[in-house]
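Okay, coords.cif is below, mmCIF, C-alpha atoms:
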```
data_entry
loop_
_atom_site.label_atom_id
_atom_site.label_comp_id
_atom_site.auth_asym_id
_atom_site.auth_seq_id
_atom_site.Cartn_x
_atom_site.Cartn_y
_atom_site.Cartn_z
CA MET A 1127 5.75 -4.94 28.73
CA LYS A 1128 2.72 -5.80 30.80
CA SER A 1129 3.22 -2.85 33.08
CA ARG A 1130 3.47 -0.59 30.04
CA TRP A 1131 0.18 -1.97 28.79
CA LEU A 1132 -1.50 -1.53 32.12
CA LYS A 1133 -0.38 2.06 32.03
CA LEU A 1134 -2.01 2.41 28.62
CA LEU A 1135 -5.19 0.85 29.94
CA ALA A 1136 -5.34 3.41 32.66
CA VAL A 1137 -5.19 6.06 29.99
CA VAL A 1138 -7.98 4.25 28.14
CA MET A 1139 -10.27 4.50 31.10
CA VAL A 1140 -9.52 8.14 31.68
CA PHE A 1141 -10.06 9.18 28.11
CA SER A 1142 -12.95 6.91 27.21
CA ALA A 1143 -15.30 9.15 29.05
CA ILE A 1144 -14.43 12.20 27.03
CA ALA A 1145 -13.09 10.97 23.70
CA ALA A 1146 -15.18 11.62 20.64
CA ALA A 1147 -16.12 8.60 18.60
CA CYS A 1148 -14.91 10.29 15.48
CA GLY A 1149 -11.30 10.95 16.25
CA SER A 1150 -9.20 13.05 18.51
CA ASP A 1151 -6.13 15.18 18.17
CA SER A 1152 -3.17 13.02 19.06
CA GLY A 1153 -0.63 15.78 18.88
CA SER A 1154 -0.14 16.24 22.60
CA THR A 1155 -0.60 12.69 23.81
CA ASN A 1156 2.03 10.78 21.90
CA THR A 1157 4.00 9.47 24.84
CA ALA A 1158 3.52 5.70 24.55
CA SER A 1159 6.27 3.34 23.44
CA PRO A 1160 5.83 0.70 20.74
CA THR A 1161 3.67 -2.12 22.02
CA THR A 1162 4.69 -5.57 20.84
CA ALA A 1163 2.81 -7.94 23.13
CA ALA A 1164 -0.87 -8.84 23.08
CA PRO A 1165 -2.43 -7.02 26.00
CA SER A 1166 -4.51 -8.99 28.46
CA GLY A 1167 -6.21 -8.98 31.78
CA ASN A 1168 -8.37 -5.89 31.42
CA SER A 1169 -11.53 -6.51 33.43
CA VAL A 1170 -13.30 -3.59 31.74
CA LEU A 1171 -13.31 -5.61 28.52
CA ALA A 1172 -14.56 -8.89 29.96
CA GLY A 1173 -17.88 -9.88 28.46
CA THR A 1174 -17.89 -7.13 25.83
CA SER A 1175 -18.24 -7.66 22.10
CA VAL A 1176 -16.94 -5.72 19.13
CA THR A 1177 -17.97 -6.15 15.51
CA ILE A 1178 -15.60 -5.30 12.65
CA THR A 1179 -16.41 -5.24 8.97
CA GLY A 1180 -14.09 -4.78 6.03
CA PRO A 1181 -13.46 -5.59 2.39
CA GLU A 1182 -11.18 -8.59 2.97
CA ARG A 1183 -13.29 -11.68 2.46
CA ALA A 1184 -11.00 -14.36 1.00
CA GLU A 1185 -10.69 -17.24 3.44
CA GLU A 1186 -6.98 -16.72 3.97
CA GLU A 1187 -7.31 -13.00 4.65
CA ALA A 1188 -10.58 -12.86 6.56
CA GLY A 1189 -9.61 -15.96 8.52
CA ALA A 1190 -6.25 -14.46 9.44
CA ILE A 1191 -7.87 -11.22 10.59
CA GLN A 1192 -10.28 -13.18 12.80
CA LYS A 1193 -7.49 -15.29 14.27
CA ALA A 1194 -5.39 -12.22 15.02
CA LEU A 1195 -8.36 -10.59 16.75
CA ASP A 1196 -9.09 -13.78 18.65
CA VAL A 1197 -5.71 -13.51 20.36
CA PHE A 1198 -6.79 -10.25 21.96
CA ALA A 1199 -10.35 -11.41 22.59
CA LYS A 1200 -9.26 -14.58 24.37
CA ALA A 1201 -6.76 -12.71 26.51
CA ASN A 1202 -9.48 -10.31 27.64
CA ASN A 1203 -12.45 -12.67 27.83
CA MET A 1204 -14.36 -10.74 25.20
CA THR A 1205 -15.75 -11.39 21.72
CA ILE A 1206 -14.54 -9.80 18.47
CA THR A 1207 -16.22 -10.76 15.22
CA TYR A 1208 -14.87 -9.86 11.80
CA SER A 1209 -16.99 -10.15 8.66
CA GLY A 1210 -15.87 -9.47 5.10
CA ASP A 1211 -18.32 -7.93 2.69
CA VAL A 1212 -18.15 -8.23 -1.09
CA ASP A 1213 -20.02 -4.93 -1.37
CA TRP A 1214 -18.33 -3.34 1.58
CA GLU A 1215 -17.69 0.04 0.00
CA ALA A 1216 -21.31 0.31 -1.16
CA ASN A 1217 -22.75 -0.92 2.12
CA ILE A 1218 -20.72 1.06 4.59
CA ASN A 1219 -22.93 4.11 4.39
CA VAL A 1220 -25.97 2.01 5.15
CA GLN A 1221 -24.24 0.27 8.01
CA VAL A 1222 -23.14 3.50 9.58
CA ALA A 1223 -26.45 5.24 9.06
CA GLY A 1224 -28.52 2.24 10.12
CA GLN A 1225 -27.09 -0.27 12.53
CA PRO A 1226 -23.51 0.87 12.74
CA ALA A 1227 -20.58 -1.44 12.77
CA ARG A 1228 -18.35 -0.53 15.65
CA HIS A 1229 -15.18 -0.75 13.59
CA LEU A 1230 -14.47 -0.89 9.93
CA ASP A 1231 -11.47 -1.09 7.74
CA LEU A 1232 -11.45 1.73 5.31
CA PRO A 1233 -9.57 3.44 2.56
CA PRO A 1234 -7.94 6.74 3.47
CA ALA A 1235 -8.90 8.85 6.39
CA ARG A 1236 -11.08 11.32 4.58
CA GLN A 1237 -13.58 8.56 4.02
CA ALA A 1238 -13.74 8.07 7.78
CA ARG A 1239 -14.24 11.76 8.34
CA ARG A 1240 -17.27 11.65 6.04
CA PHE A 1241 -19.04 9.84 8.84
CA CYS A 1242 -18.05 12.38 11.47
CA PRO A 1243 -20.17 15.50 11.04
CA GLY A 1244 -19.04 18.46 13.03
CA ARG A 1245 -15.34 17.66 12.88
CA MET B 716 -10.82 7.19 17.76
CA GLY B 717 -9.83 8.24 21.26
CA ASP B 718 -6.55 9.65 22.40
CA THR B 719 -5.23 6.32 23.63
CA ALA B 720 -5.58 4.53 20.32
CA ALA B 721 -4.20 7.60 18.57
CA ALA B 722 -1.18 7.62 20.89
CA ALA B 723 -0.62 3.91 20.40
CA THR B 724 -0.82 4.39 16.64
CA ALA B 725 1.78 7.13 16.84
CA ALA B 726 4.01 4.93 18.99
CA ASN B 727 3.71 1.79 16.86
CA TRP B 728 3.94 3.30 13.38
CA ALA B 729 6.30 5.79 11.79
CA PRO B 730 4.81 9.21 10.97
CA SER B 731 5.11 8.45 7.26
CA TRP B 732 2.42 5.77 7.74
CA THR B 733 0.19 7.34 10.39
CA VAL B 734 -0.34 10.34 8.12
CA PHE B 735 -2.57 8.21 5.89
CA GLY B 736 -5.09 8.05 8.71
CA LYS B 737 -4.86 11.69 9.68
CA VAL B 738 -6.90 14.66 8.45
CA ASP B 739 -6.15 18.18 9.63
CA GLY B 740 -4.06 16.81 12.49
CA VAL B 741 -6.72 14.42 13.75
CA GLN B 742 -6.03 10.67 13.68
CA TYR B 743 -9.07 8.87 12.28
CA GLY B 744 -7.54 5.55 11.31
CA VAL B 745 -5.09 2.93 12.55
CA PRO B 746 -2.84 1.43 9.85
CA VAL B 747 -3.28 -2.33 9.90
CA LYS B 748 -1.90 -3.53 6.56
CA THR B 749 0.71 -2.16 4.22
CA ASP B 750 1.31 -2.60 0.51
CA LEU B 751 4.63 -1.66 -1.03
CA LYS B 752 4.56 -0.54 -4.64
CA SER B 753 8.07 0.76 -5.37
CA LEU B 754 9.57 -2.58 -6.37
CA VAL B 755 11.25 -4.11 -9.39
CA TRP B 756 11.03 -7.90 -9.70
CA TYR B 757 14.05 -9.68 -11.21
CA GLN B 758 16.14 -12.84 -11.06
CA PRO B 759 19.50 -12.17 -9.37
CA GLN B 760 21.23 -15.10 -11.06
CA ARG B 761 20.26 -13.89 -14.53
CA PHE B 762 21.58 -10.45 -13.66
CA ALA B 763 24.85 -11.99 -12.45
CA ASP B 764 25.18 -14.22 -15.50
CA ALA B 765 24.80 -11.20 -17.79
CA GLY B 766 27.10 -9.00 -15.71
CA TYR B 767 24.35 -6.59 -14.64
CA GLU B 768 24.23 -4.91 -11.26
CA VAL B 769 21.13 -3.75 -9.40
CA PRO B 770 20.76 -0.02 -10.12
CA THR B 771 20.57 2.32 -7.14
CA THR B 772 19.71 5.52 -9.01
CA TRP B 773 17.19 6.36 -11.69
CA ASP B 774 20.01 7.28 -14.10
CA ASP B 775 21.59 3.88 -13.50
CA LEU B 776 18.25 2.19 -14.11
CA VAL B 777 17.88 3.95 -17.47
CA LYS B 778 21.50 3.08 -18.36
CA LEU B 779 20.91 -0.53 -17.41
CA SER B 780 17.77 -0.63 -19.51
CA ASN B 781 19.68 0.73 -22.50
CA GLN B 782 22.60 -1.63 -21.89
CA MET B 783 20.26 -4.60 -21.91
CA ILE B 784 18.83 -3.47 -25.24
CA ALA B 785 22.35 -3.02 -26.64
CA ASP B 786 23.16 -6.56 -25.51
CA GLY B 787 20.15 -7.94 -27.36
CA ASN B 788 18.14 -8.46 -24.19
CA THR B 789 14.71 -7.09 -23.34
CA PRO B 790 14.75 -5.12 -20.09
CA TRP B 791 11.08 -4.79 -19.21
CA CYS B 792 7.91 -6.82 -19.09
CA VAL B 793 4.98 -4.41 -19.07
CA GLY B 794 1.25 -4.98 -19.27
CA ILE B 795 -1.47 -2.61 -18.11
CA GLU B 796 -4.64 -4.47 -19.14
CA SER B 797 -6.94 -5.01 -16.17
CA GLY B 798 -10.50 -5.12 -17.48
CA GLN B 799 -12.44 -2.04 -16.42
CA ALA B 800 -9.36 -0.88 -14.54
CA THR B 801 -7.04 -1.05 -17.53
CA GLY B 802 -4.32 1.53 -17.15
CA TRP B 803 -3.80 1.38 -13.38
CA PRO B 804 -0.25 -0.02 -13.62
CA PHE B 805 0.65 3.02 -15.73
CA THR B 806 -0.71 5.31 -13.04
CA ASP B 807 1.55 3.59 -10.50
CA TRP B 808 4.59 4.31 -12.66
CA VAL B 809 3.56 7.96 -12.98
CA GLU B 810 2.96 8.27 -9.24
CA ASP B 811 6.28 6.64 -8.35
CA LEU B 812 8.13 9.00 -10.69
CA MET B 813 6.22 12.12 -9.62
CA LEU B 814 7.26 11.35 -6.07
CA ARG B 815 10.85 10.74 -7.11
CA LYS B 816 11.35 13.66 -9.46
CA TYR B 817 9.36 16.40 -7.72
CA GLY B 818 9.10 15.27 -4.11
CA ALA B 819 6.34 14.80 -1.60
CA ASP B 820 5.06 18.37 -1.51
CA VAL B 821 4.42 18.59 -5.24
CA TYR B 822 3.02 15.05 -5.17
CA ASP B 823 0.54 16.10 -2.49
CA GLN B 824 -0.42 19.22 -4.44
CA TRP B 825 -0.97 17.13 -7.55
CA VAL B 826 -3.11 14.53 -5.76
CA SER B 827 -5.22 17.18 -4.01
CA HIS B 828 -5.56 19.25 -7.20
CA GLU B 829 -3.77 22.26 -5.79
CA ILE B 830 -1.89 22.13 -9.07
CA PRO B 831 -3.74 21.10 -12.21
CA PHE B 832 -3.39 17.60 -13.54
CA ASN B 833 -1.93 19.00 -16.76
CA ASP B 834 0.83 20.84 -14.90
CA PRO B 835 4.01 20.66 -17.04
CA ARG B 836 5.67 18.52 -14.38
CA VAL B 837 2.99 15.86 -14.69
CA VAL B 838 3.22 15.94 -18.47
CA GLU B 839 6.98 15.53 -18.19
CA VAL B 840 6.60 12.46 -15.99
CA PHE B 841 4.09 10.94 -18.43
CA ASN B 842 6.78 11.36 -21.07
CA MET B 843 9.48 9.86 -18.84
CA VAL B 844 7.45 6.67 -18.64
CA GLY B 845 6.58 6.79 -22.32
CA ASP B 846 10.19 7.38 -23.38
CA LEU B 847 11.38 4.42 -21.33
CA TRP B 848 8.69 2.08 -22.63
CA ASN B 849 8.78 3.27 -26.25
CA THR B 850 12.50 2.81 -26.74
CA ASP B 851 12.93 0.15 -29.40
CA GLY B 852 13.43 -3.23 -27.76
CA ALA B 853 12.64 -2.03 -24.25
CA VAL B 854 9.44 -3.95 -23.58
CA PHE B 855 8.20 -7.49 -23.89
CA ALA B 856 4.41 -7.53 -23.93
CA SER B 857 3.01 -11.03 -24.24
CA GLY B 858 -0.34 -9.73 -25.43
CA GLY B 859 1.15 -7.94 -28.41
CA SER B 860 1.02 -4.46 -26.92
CA ILE B 861 1.37 -2.99 -23.45
CA ALA B 862 -2.32 -2.08 -23.26
CA ALA B 863 -3.39 -5.53 -24.45
CA THR B 864 -1.20 -7.41 -21.99
CA ALA B 865 -2.86 -8.33 -18.72
CA PHE B 866 -1.04 -7.01 -15.67
CA GLN B 867 -1.16 -10.54 -14.26
CA ASP B 868 0.75 -11.95 -17.25
CA ASN B 869 4.20 -10.54 -16.59
CA GLY B 870 5.47 -13.07 -14.08
CA GLN B 871 5.67 -16.00 -16.49
CA PRO B 872 7.72 -14.16 -19.15
CA LEU B 873 10.11 -12.89 -16.51
CA VAL B 874 10.93 -16.41 -15.30
CA ASP B 875 10.99 -17.58 -18.93
CA GLY B 876 13.72 -15.03 -19.69
CA ASP B 877 11.64 -12.91 -22.05
CA CYS B 878 12.56 -9.86 -19.99
CA PHE B 879 14.82 -8.97 -17.07
CA MET B 880 12.65 -6.66 -14.96
CA HIS B 881 9.06 -6.00 -13.99
CA ARG B 882 8.03 -3.06 -11.84
CA GLN B 883 5.08 -4.01 -9.65
CA ALA B 884 3.88 -4.06 -6.04
CA SER B 885 4.63 -6.50 -3.24
CA PHE B 886 1.41 -8.39 -3.86
CA TYR B 887 2.71 -9.43 -7.29
CA ALA B 888 4.32 -12.58 -5.83
CA ALA B 889 0.93 -14.21 -6.30
CA PHE B 890 1.18 -13.75 -10.08
CA PHE B 891 4.33 -15.77 -10.65
CA PRO B 892 3.90 -19.38 -11.76
CA ASP B 893 3.19 -22.01 -9.12
CA GLY B 894 6.42 -23.28 -7.64
CA THR B 895 8.38 -20.09 -8.23
CA LYS B 896 11.12 -19.73 -5.63
CA PHE B 897 11.53 -16.35 -3.98
CA ALA B 898 14.80 -14.98 -2.59
CA ASP B 899 16.05 -18.38 -1.44
CA GLY B 900 19.42 -18.22 -3.18
CA SER B 901 18.53 -20.80 -5.80
CA PRO B 902 19.60 -20.06 -9.40
CA GLU B 903 16.02 -19.58 -10.60
CA ALA B 904 14.89 -17.54 -7.59
CA VAL B 905 12.92 -14.34 -8.11
CA ASP B 906 13.71 -11.36 -5.92
CA VAL B 907 13.04 -7.63 -5.81
CA PHE B 908 15.05 -4.47 -5.71
CA TYR B 909 13.94 -1.01 -4.70
CA PHE B 910 12.66 1.12 -7.59
CA PRO B 911 15.50 3.65 -7.55
CA ALA B 912 15.24 7.25 -6.45
CA ILE B 913 16.18 10.27 -8.52
CA LYS B 914 17.30 12.75 -5.87
CA GLY B 915 19.09 10.61 -3.28
CA ASP B 916 16.15 10.25 -0.91
CA LYS B 917 14.18 7.01 -0.52
CA PRO B 918 10.60 7.66 -1.51
CA VAL B 919 8.13 4.81 -1.42
CA LEU B 920 4.73 4.57 -3.01
CA GLY B 921 2.48 2.58 -0.78
CA ALA B 922 -1.06 1.60 -0.14
CA GLY B 923 -2.80 -0.16 2.69
CA THR B 924 -5.74 -0.58 4.99
CA LEU B 925 -6.81 1.43 8.01
CA ALA B 926 -9.20 0.63 10.83
CA ALA B 927 -11.43 3.22 12.47
CA GLY B 928 -13.86 3.17 15.37
CA PHE B 929 -17.43 4.37 15.26
CA ASN B 930 -18.12 4.66 18.94
CA ASP B 931 -16.08 5.62 21.98
CA LYS B 932 -16.68 2.53 24.11
CA PRO B 933 -13.61 1.23 25.95
CA ALA B 934 -13.78 -2.09 24.11
CA THR B 935 -13.72 -0.36 20.74
CA GLU B 936 -10.81 1.79 21.79
CA ALA B 937 -8.88 -1.16 23.18
CA VAL B 938 -9.32 -3.21 20.02
CA LEU B 939 -8.20 -0.29 17.88
CA GLU B 940 -5.18 0.09 20.09
CA TYR B 941 -4.37 -3.62 19.75
CA MET B 942 -4.70 -3.43 15.96
CA SER B 943 -1.95 -0.81 15.90
CA THR B 944 0.57 -3.14 17.53
CA ALA B 945 3.26 -5.50 16.34
CA ALA B 946 1.37 -8.20 18.25
CA TYR B 947 -1.60 -7.86 15.90
CA ALA B 948 0.65 -7.82 12.84
CA GLU B 949 2.53 -10.91 14.00
CA ALA B 950 -0.66 -12.81 14.84
CA ARG B 951 -2.16 -11.96 11.45
CA GLN B 952 1.05 -12.85 9.61
CA ASN B 953 1.32 -16.21 11.37
CA ALA B 954 -2.33 -17.00 10.74
CA GLN B 955 -2.28 -15.94 7.10
CA THR B 956 0.92 -17.88 6.40
CA ALA B 957 -0.67 -20.98 7.91
CA LEU B 958 -3.94 -20.52 6.02
CA LYS B 959 -2.02 -20.18 2.75
CA GLY B 960 -0.14 -23.39 3.50
CA GLY B 961 3.24 -21.75 4.02
CA GLY B 962 5.31 -19.55 1.75
CA LEU B 963 4.39 -15.95 1.14
CA SER B 964 1.37 -14.79 3.11
CA GLY B 965 0.39 -11.76 1.03
CA PHE B 966 0.18 -9.78 4.26
CA LEU B 967 2.61 -7.01 5.07
CA SER B 968 2.85 -4.55 7.93
CA ALA B 969 5.20 -1.72 8.74
CA ALA B 970 4.31 -1.76 12.46
CA LYS B 971 7.35 -1.26 14.66
CA GLY B 972 8.90 -4.01 16.76
CA GLN B 973 7.75 -7.09 14.87
CA ASP B 974 9.52 -10.43 15.25
CA MET B 975 11.17 -10.68 11.85
CA SER B 976 11.75 -14.44 12.18
CA ILE B 977 8.12 -15.06 11.20
CA TYR B 978 8.64 -13.54 7.75
CA GLN B 979 10.01 -15.20 4.61
CA PRO B 980 13.23 -13.74 3.13
CA LEU B 981 11.33 -11.85 0.43
CA GLU B 982 8.90 -10.45 2.97
CA LYS B 983 11.86 -9.30 5.04
CA SER B 984 13.14 -7.45 1.98
CA PHE B 985 9.80 -5.66 1.74
CA ILE B 986 9.88 -4.69 5.40
CA ASP B 987 13.49 -3.51 5.16
CA ILE B 988 12.45 -1.16 2.36
CA LEU B 989 9.43 0.02 4.32
CA ALA B 990 11.49 0.64 7.44
CA SER B 991 13.91 2.98 5.68
CA ALA B 992 11.38 4.65 3.39
CA ASP B 993 11.09 8.41 3.49
CA PRO B 994 8.94 9.96 2.26
CA VAL B 995 6.05 7.53 1.91
CA ARG B 996 3.01 8.48 -0.04
CA PHE B 997 -0.30 6.73 -0.61
CA ASP B 998 -1.25 5.61 -4.09
CA GLY B 999 -2.29 8.89 -5.72
CA SER B 1000 -5.02 7.55 -7.95
CA ASP B 1001 -6.67 6.00 -4.87
CA LEU B 1002 -6.81 9.46 -3.31
CA MET B 1003 -8.07 11.36 -6.34
CA PRO B 1004 -11.81 11.65 -7.04
CA ALA B 1005 -13.07 8.40 -8.53
CA ASP B 1006 -13.92 10.13 -11.83
CA VAL B 1007 -10.20 10.72 -12.21
CA GLY B 1008 -8.36 8.17 -10.08
CA ALA B 1009 -10.57 5.26 -11.15
CA GLY B 1010 -11.57 6.83 -14.43
CA THR B 1011 -9.76 9.18 -16.75
CA PHE B 1012 -6.29 8.67 -15.27
CA TRP B 1013 -6.68 5.03 -16.28
CA SER B 1014 -8.39 5.56 -19.63
CA GLU B 1015 -6.46 8.58 -20.90
CA GLY B 1016 -3.25 7.08 -19.60
CA THR B 1017 -4.00 4.03 -21.69
CA SER B 1018 -4.64 6.21 -24.73
CA PHE B 1019 -1.26 7.81 -24.17
CA VAL B 1020 0.43 4.42 -23.83
CA ASN B 1021 -1.25 3.31 -27.06
CA GLY B 1022 0.06 6.37 -28.86
CA ASP B 1023 -3.44 7.66 -29.53
CA GLU B 1024 -2.76 10.85 -27.57
CA THR B 1025 0.27 12.87 -26.57
CA ALA B 1026 1.06 13.24 -22.90
CA GLN B 1027 -0.22 16.82 -23.04
CA GLN B 1028 -3.49 15.78 -24.67
CA ALA B 1029 -4.05 13.02 -22.13
CA ALA B 1030 -3.24 15.30 -19.20
CA ASP B 1031 -5.52 18.01 -20.57
CA LYS B 1032 -8.43 15.58 -20.81
CA ILE B 1033 -7.82 14.30 -17.30
CA GLU B 1034 -7.70 17.85 -15.99
CA ALA B 1035 -10.98 18.64 -17.76
CA SER B 1036 -12.59 15.64 -16.07
CA TRP B 1037 -11.68 16.69 -12.52
CA PRO B 1038 -14.96 17.26 -10.67
CA ALA B 1039 -15.80 20.84 -9.78
CA GLY B 1040 -15.61 21.82 -6.15
#
```

Turn this file's structure into structure tokens for me.
Amino acid sequence: MKSRWLKLLAVVMVFSAIAAACGSDSGSTNTASPTTAAPSGNSVLAGTSVTITGPERAEEEAGAIQKALDVFAKANNMTITYSGDVDWEANINVQVAGQPARHLDLPPARQARRFCPGR
Amino acid sequence: MGDTAAAATAANWAPSWTVFGKVDGVQYGVPVKTDLKSLVWYQPQRFADAGYEVPTTWDDLVKLSNQMIADGNTPWCVGIESGQATGWPFTDWVEDLMLRKYGADVYDQWVSHEIPFNDPRVVEVFNMVGDLWNTDGAVFASGGSIAATAFQDNGQPLVDGDCFMHRQASFYAAFFPDGTKFADGSPEAVDVFYFPAIKGDKPVLGAGTLAAGFNDKPATEAVLEYMSTAAYAEARQNAQTALKGGGLSGFLSAAKGQDMSIYQPLEKSFIDILASADPVRFDGSDLMPADVGAGTFWSEGTSFVNGDETAQQAADKIEASWPAG
């Protein structure tokens, strides 16, 4: 499993230079197998931080999201911070237009495409 | 997202789920949480005691409903009151039956307004729901009427024996009384069966959450990729179960390759249904413009349920409310 993940990481590094932030056509690249283990040991990720925002804010849900992300963060020596927002749907436009969150949970894909002019 | 996260998403999720995050062939979102709506809650022991079998077709479900009435039992608990959102449980019934009776293509055309909301097929499905609910003796509504009964208030009467069935989503476990046992084989246990199909396929109405990236940094891409995996789903399930103090977590994922031993028996039932579902479609009212999906579909649907409007009148009004453009 680890070797499979390392293979995926290699693909990450190749494509990160050219991938658009707002999506890419996956039609010709679907060659990976299901990944069931938490990936680890990627030096590219060490010291990085990622912020995620979403509508889940109840302690059980938001806490579980953070703990699940911490598994990956710890394995890669990075920081991932999840924050739930009671007004998430109203605030997301501001966040994207102002100081963007780097990830966000969202309702269906068309809402994501709203933030991707030119696609 | 980049190609790597898109490829991982395609590898870790069935196409019926990845499509929710795809527009014009481009993957914008990673599925991270799944809700299953095509469920009927019931108590297996009460079915067995009365000699009823779980229906596997829509015709059998209607026959069972009528048999229960003939036996002096009440088949359904139904309540669609939900404050400002009153009516949404009715829309779920309509969506589930549109998908069953007319298939995914027509469902998609209806949701995207390629066919009008007052298409005769939609009106027919409104009436299918209405005919089932309006049959004398078919519904127990603790609030006095379906529209006045809170959607949350159907778990208690089901375990009290006021009705035999309640159609509602996987999250509804939270609305049964404290201490309710789920799918543990005990006489009072509550379980679910799949809301039957009409045409021999296995359509599922679902909902869920997606994650998307807003930059192309390797860290963002890697986290998105991780969120598509069974490893993320398992970690979140374990954490959420622990934070809820055991029992049902309220989390559900259809990611491939998960360790099923971390799920409760009822949660396994949900995942079994998800794994064999085809086609899967997202909650239609969530996809329609808010004026309709979070507006007139709820309100005019409620007027129809109350008998204040015919199905045709309600559908006509909803169609008239669809935003131009």

**Item:** Matched chain/residue IDs from the PyMOL selection byres ((chain A and resi 1214) around 9), as a PyMOL selection string
**Value:** chain A and resi 1179-1182+1210-1213+1215-1218

**Asked** Can you list, as a VMD selection string, every protein, DNA or RNA residue that comes within 10 Å of Val769 (chain B) when you count only C-alpha atoms, leaving out same-chain residues fewer than 4 positions away?
**Response** chain B and resid 755 757 759 762 to 763 775 to 776 779 907 to 911

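Going from CA of Val840 (chain B) over to CA of Lys816 (chain B), you cover 8.2 Å.
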
**Request:** Given the file shown, determine the residues that the PyMOL selection byres ((chain A and resi 1191) around 12) selects; report them as a ChimeraX atom specification.
**Result:** /A:1178-1190,1192-1198,1206-1210,1231 /B:747-748,926,942,947-956,958,966

**Prompt:** So which one's closest to Gln979 (chain B), B:Ala1039, B:Ala934, B:Leu963, B:Ala889? Using all atoms listed in the file, please.
**Reply:**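 When distances to Gln979 (chain B) are compared using all atoms listed in the file, the smallest one comes from B:Leu963.
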
Would you compute, for all listed atoms of region 1189-1196 of chain A, the axis-aligned bounding box grown by 6 Å on each side, and then report its centre and edge lengths in Å rounded to one decimal, as AutoDock Vina command-line options?
```
--center_x -7.8 --center_y -13.3 --center_z 13.6 --size_x 16.9 --size_y 17.4 --size_z 22.1
```
